[in-house]
Amino acid sequence: MSKLRPLPATGFIPERDLDKTPILEAHHLGINFGGLNAVKEFNLVIGRTEIAGLIGPNGAGKTTVFNLLTKVYQPTKGTILLDGRNTSGMTISQVCRMGIARTFQNIRLFKDMTVLENVLVGLHNEIDYRLAGAIFRIPAYWRAERIARERALELLSIFNMEGMANIKAGSLPYGAQRRLEIVRALATNPSIMLLDEPAAGMNPSETGELMENIRKIRDTFKIAILLIEHDMNLVMGICEGIVVLNYGQIIAKGTPEEIKNNPAVIEAYLGKKEAR
Amino acid sequence: MAKRRIPTPVSYAINLVLIALLLVVGNIVISSGITSRAQNSLFLQVGIYIILAVSLNVVTGYLGQLPLGHAGFMAVGAYTGALVWKATASMPAPVSIVLGLLVAGIVSAIFGIIIGIPALRLKGDYLAIVTLGFGEIIRVCIINLPEITGGTPGLLNIPKHSTFTLVYVCVVLTCVVIHMMMKSRHGRAILSIRDNEIAAESCGISTTYYKVMAFSVSAFFAGIAGALFAGNQGSLFPNAFDFMASINILVMVVLGGMGSMIGSVIAATVLTSLPLVLQVFSKYRMIIYSLMLIIVMIFKPSGLMGTYDFSLRNLLEKLTGHISKKREAGTNE
């Protein structure tokens, strides 16, 4: 583990967090693809019930950060602490079981399975019986399956999707697919959820609804949420801390107000003012 | 109108009765002498190939991987089963039979795990090549261990334990166990890996573990089929387990529809009985066989059944639902 002191965070650990320790910390995180430093010196601290945003121009490395945090890529530099535990050398499924869940920018649902089955796959580690138990259909199997089904429907009801439970996930409309990904991520019982462009392709009213639901999820499940989003209304509306990334490096951190007025951010998004 | 579900115990009971009925009918047909000896032997072969196709379907259809060494597992099971049966010939027959089948399955499953752990890190064509190599290694090992396996001249005088009843029970058990596995959290994990591996992993599913599980279950039943094969033939020759044998099984799975158990059963039945049925046109047999494959792949690339899985319960519910709807319509008029 690095002995250097981490830079102060998005800096925002909400007052309501009784436990002041952060849920997720990334210190000096970096990855090279060949000679390209896709992400370098990435530092981040997220509180236990914080909603944080990760923004930046296209190609800034936002999704790469998500892939580092969830171990799709192993970082070439730096450490990631999840609930205080170092996750180096772990696999995607191991960090998921430790409490990190995510959605994908290019939707990755199980298209040939029904909506309900998608959520049941998310509940995989919450269901407790062994293969032999399933083959002999012991009472514990029926009980666990019934409880899992009820739980899945309950989670779907957050987005009013119980009625779609038996539809093939691939045939859902785009917005519903995004919502289903969030439900599936929630089903893994995470303590932090990473949402990669949850509002992409949604109309303003759907986005408004999504904002409400993200808040509702945070409040009911008491989890942290880190999201990548290009819709500034959503980011500024619900994020308590924002990190801005450009060319793989953090160029600004702070509250929505600070970010809005930060000259470096404005430059990254709109370009330099021409010299008069 | 809410769909009326048939209660689970009732649907299990209906299935059990039908399975038992078919067993009795099959036994009566065989003992009555209507069928020729060749046809009786064909019944057994069909059963053995159903087990092979259904078990390969677990890896190819449900898990979405392409192994080409299924005949290798069959060979392991065949020789293990035959040797156990020979060694336990003094024991009462039922004990010897069950012991032989179980040991054959377990040894084959162990081979599945040993091969699976390194091989399943690979994908697609790489996995195909590695498993192909495994199948050939098994065959070459059998040829070069004549003290144990009889080598090229063959392993002879194997007790002919494979009766219609035994093969039938094994077919039913294979289908039931695989069905029960697929309709559980383990089955969902296997299907999710086929649909999207990264997403499955992100749901906390250890993909390596479930790949190896699917692989070893598949190998287990291939081993049992191998033992039944040995018990049917009475003698074993390494050439029966060459590369073409693996391809034949794969053709059954692809033709029936990857991921459809009923498809595998139908394709295995048709393709195994075809040579005997077409004996009359023996000159054109291979042409008809290949033409049939080409036609199915052109007009139904997903296989005969696609990913459809037959469920007697759903069928009955549809039928009863249809009837009661008609009645309602009748009263309205």
# chains A, B, ... in the order shown; residues from 1 in each chain; ligands from 1
$ interface_residues --of "chain A" --to "chain B" --cutoff "10 Å" --atoms "only C-alpha atoms" --output "ChimeraX atom specification"
/A:70-72,91-104,107-113,117-125,127-137,141-142,144-145,181,184-189
$ write_last_selection --atoms "C-alpha atoms" --output "short mmCIF file (atom, residue, chain, number, x, y, z; two decimals), in the first residue's frame"
data_model
loop_
_atom_site.label_atom_id
_atom_site.label_comp_id
_atom_site.auth_asym_id
_atom_site.auth_seq_id
_atom_site.Cartn_x
_atom_site.Cartn_y
_atom_site.Cartn_z
CA THR A 70 -14.46 -3.08 -10.65
CA LYS A 71 -11.29 -4.96 -11.70
CA VAL A 72 -12.19 -5.41 -15.35
CA THR A 91 -11.33 -10.66 -9.70
CA ILE A 92 -14.47 -8.91 -10.89
CA SER A 93 -16.72 -11.36 -9.08
CA GLN A 94 -14.74 -11.14 -5.85
CA VAL A 95 -15.03 -7.35 -5.60
CA CYS A 96 -18.70 -7.68 -6.49
CA ARG A 97 -19.21 -10.00 -3.54
CA MET A 98 -17.38 -7.44 -1.40
CA GLY A 99 -20.05 -4.92 -2.25
CA ILE A 100 -19.35 -3.06 -5.47
CA ALA A 101 -21.98 -3.25 -8.21
CA ARG A 102 -22.11 -1.55 -11.58
CA THR A 103 -24.04 -0.91 -14.75
CA PHE A 104 -22.58 -0.61 -18.23
CA ILE A 107 -26.04 -2.16 -21.91
CA ARG A 108 -25.04 -5.69 -20.93
CA LEU A 109 -28.23 -7.46 -20.01
CA PHE A 110 -28.82 -11.17 -20.40
CA LYS A 111 -30.95 -10.64 -23.49
CA ASP A 112 -32.29 -14.17 -23.85
CA MET A 113 -33.47 -14.30 -20.25
CA GLU A 117 -34.35 -14.02 -14.41
CA ASN A 118 -31.96 -11.12 -14.95
CA VAL A 119 -32.65 -9.92 -11.43
CA LEU A 120 -32.39 -13.47 -10.09
CA VAL A 121 -28.89 -13.71 -11.59
CA GLY A 122 -28.09 -10.54 -9.66
CA LEU A 123 -29.40 -12.25 -6.52
CA HIS A 124 -27.17 -15.27 -7.22
CA ASN A 125 -25.06 -14.97 -4.09
CA ILE A 127 -29.69 -17.49 -2.76
CA ASP A 128 -28.37 -20.26 -0.60
CA TYR A 129 -28.56 -23.89 -1.71
CA ARG A 130 -26.13 -26.28 -3.31
CA LEU A 131 -26.23 -28.11 -6.62
CA ALA A 132 -27.26 -31.39 -4.97
CA GLY A 133 -30.07 -29.54 -3.20
CA ALA A 134 -31.31 -28.20 -6.51
CA ILE A 135 -31.19 -31.58 -8.24
CA PHE A 136 -33.16 -33.31 -5.48
CA ARG A 137 -35.44 -30.28 -5.06
CA TYR A 141 -34.57 -25.02 -2.68
CA TRP A 142 -38.26 -24.13 -2.92
CA ALA A 144 -34.93 -19.96 -1.31
CA GLU A 145 -36.38 -19.68 -4.82
CA GLU A 181 -29.45 -2.90 -15.23
CA ARG A 184 -29.82 -6.11 -11.33
CA ALA A 185 -26.89 -4.23 -9.80
CA LEU A 186 -28.97 -3.50 -6.70
CA ALA A 187 -29.85 -7.18 -6.40
CA THR A 188 -26.21 -8.03 -5.64
CA ASN A 189 -26.68 -6.22 -2.34
#
$ select_by_dssp --residues "segment 108-207 of chain A" --states "helix (DSSP H, G or I)" --output "PyMOL selection string"
chain A and resi 115-122+124-126+131-135+139-159+162-164+169-171+174-187+204-207
$ closest_residue --among "B:Asp242, B:Leu156, B:Thr165, B:Pro118" --to "Ala20 of chain B" --atoms "only C-alpha atoms"
B:Thr165
$ closest_residue --among "A:Asn246, A:Asn37, A:Thr63, A:Ser191" --to "Ile23 of chain A" --atoms "only C-alpha atoms"
A:Ser191
$ select_by_dssp --residues "segment 133-252 of chain A" --states "strand (DSSP E)" --output "list in words"
Ile192, Met193, Leu194, Leu195, Asp196, Ala224, Ile225, Leu226, Leu227, Ile228, Gly241, Ile242, Val243, Val244, Leu245, Asn246, Gln249, Ile250, Ile251 and Ala252 of chain A
$ closest_residue --among "A:Leu29, A:Ala268, A:Ile138, A:Ala199" --to "Asn67 of chain A" --atoms "only C-alpha atoms"
A:Leu29
